[in-house]
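These notes are about the structure you will find just below.
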Amino acid sequence: MSLDIHADISLKPFNTFGVDVRARLFAEAHSDADVHEALAYAAEHRLEVLVIGGGSNLLLTRNVDALVLRMASRGVRIVREDCDMAIVEAEAGEPWHPFVQDMLARGLSGLENLSLIPGTVGAAPMQNIGAYGVELKDVFHSLTALDRETGEQREFDLAACAFGYRDSLFKHQPGRWLVLRVRFRLSYPARLNLDYGPVRQRLQEQGVTEPTPMHVSRAICAIRSEKLPDPAVLGNAGSFFKNPLVSAELAARIGEAHPGLVAYPQADGQVKLAAGWLIEQAGWRGYRDGDAGVHALQSLVLVNYGRATGRDLLNLAERIQTDVHARFGVTLEMEPNLY
Ligand code: EPU
């Protein structure tokens, strides 16, 4: 027995919104054996299990009458490499940004655009994390997950994960798959993605003419730090809504009425709109009601000024959704998982 199970624990330190709800039971899994022990305990006591990573994509709206299992397994290893590339395996509990930095320090490129994203390695595939022109799927090799329905481990390759924009198979089968470890395909020669205008601009401002992956990482850290609140200072879960995909007709209609519309045409003919822009235009930027608010520098980010409850934040999100829909005819989908 290596698993410590604690009763009646505040989850405030375990979700980046800093929402203060309580878990009936709480444990940290440092190994596969811990995971199996926790699931067996829960089955025996007829308890639900809520698996969390960094709690950075989670809105807790009530006390959790379940066993909360925080994935805390650590370990990074190169499983295969040649002169050009390496397949690197990381345990689910590895904190994401330190892992990115570790890869950069080893001269491996591919993760630099995903610098400073909160959360853990194991949570990254759930919503196919992405930033500045790169998504997890672009560097993904495979993962090992536990099927909680059968108790068996399964390997997933890229195709099996069905990754989409902030989307994966795992998101569509909530509670079924528990990611144990993830493998990444990284490159020794730098393969930079500088498609994002603000990144190129930042490098130029810094006088960097021949950027390395480390330069790109630093530029992205600087951009993120300016726009996105640090959860250690101001509770938040990053973007609260996904950027909506709409028909070209609807995008054109909105664009006629609002010439500043930020829109990205997609290969399939649909258009992705900047949800932050829509929310700002609707007048919500910097809005605050009690301790729940809309970040003043990025309207896509909801913030907890201290004592907001998950309900307060959810109510605010719903008000924004209703208003944006009434003004633009656009439905905003929430990004974080709700409990
Ligand atoms: N914008 C506004 N007002 C705002 C916010 C944004 O006008 O209040 C405009 C910006 O000026 C820009 C456009 O909207 O023209 C896009 O803004 P930004 O570059 O900040 O990116 P985003 O679309 O709001 C997405 C991701 C972020 C990711 C950034 C950079 C989603 C839901 N969010 O945000 O991911 O870091 O692009 O790639 O796709 C996250 O998922 O938690 C997250 C932070």
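Ligands are numbered from 1 in the order shown, residues from 1 within each chain, and chains are lettered A, B, ... in the order they appear in the structure tokens.
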Taking the DSSP assignment computed from this structure's backbone, write out as number ranges by chain all residues of range 94-194 of chain A that belong to strand (DSSP E).
A: 130-131, 134-135, 140-147, 153-157, 177-187
Ligand 1 neighbours within 9 Å using only C-alpha atoms and all ligand atoms, as a count of residues only
55
For CA of Lys12 in chain A and CA of Asn315 in chain A, quote the distance in Å rounded to one decimal.
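Separation between CA of Lys12 in chain A and CA of Asn315 in chain A: 19.4 Å.
Of the listed residues (A:Asp20, A:Glu318, A:Glu155, A:Asp34), A:Asp34 comes nearest to Leu3 in chain A; the distances count only C-alpha atoms.
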How close does range 174-219 of chain A get to range 142-154 of chain A? List, as a tab-separated table, each residue of range 174-219 of chain A within 6 Å, its nearest atom pair and the distance in Å to one decimal, counting only C-alpha atoms.
```
residue	atom	partner	partner_atom	distance
A:Arg176	CA	A:Arg148	CA	5.3
A:Trp177	CA	A:Asp147	CA	5.0
A:Leu178	CA	A:Leu146	CA	5.0
A:Val179	CA	A:Ala145	CA	4.2
A:Leu180	CA	A:Ala145	CA	5.3
A:Arg181	CA	A:Thr144	CA	5.4
A:Val182	CA	A:Leu143	CA	4.2
A:Arg183	CA	A:Ser142	CA	5.1
```
When DSSP is applied to the backbone of this structure, which of range 275-329 of chain A are assigned alpha helix (DSSP H)? Write them out as a PyMOL selection string.
chain A and resi 275-281+310-328
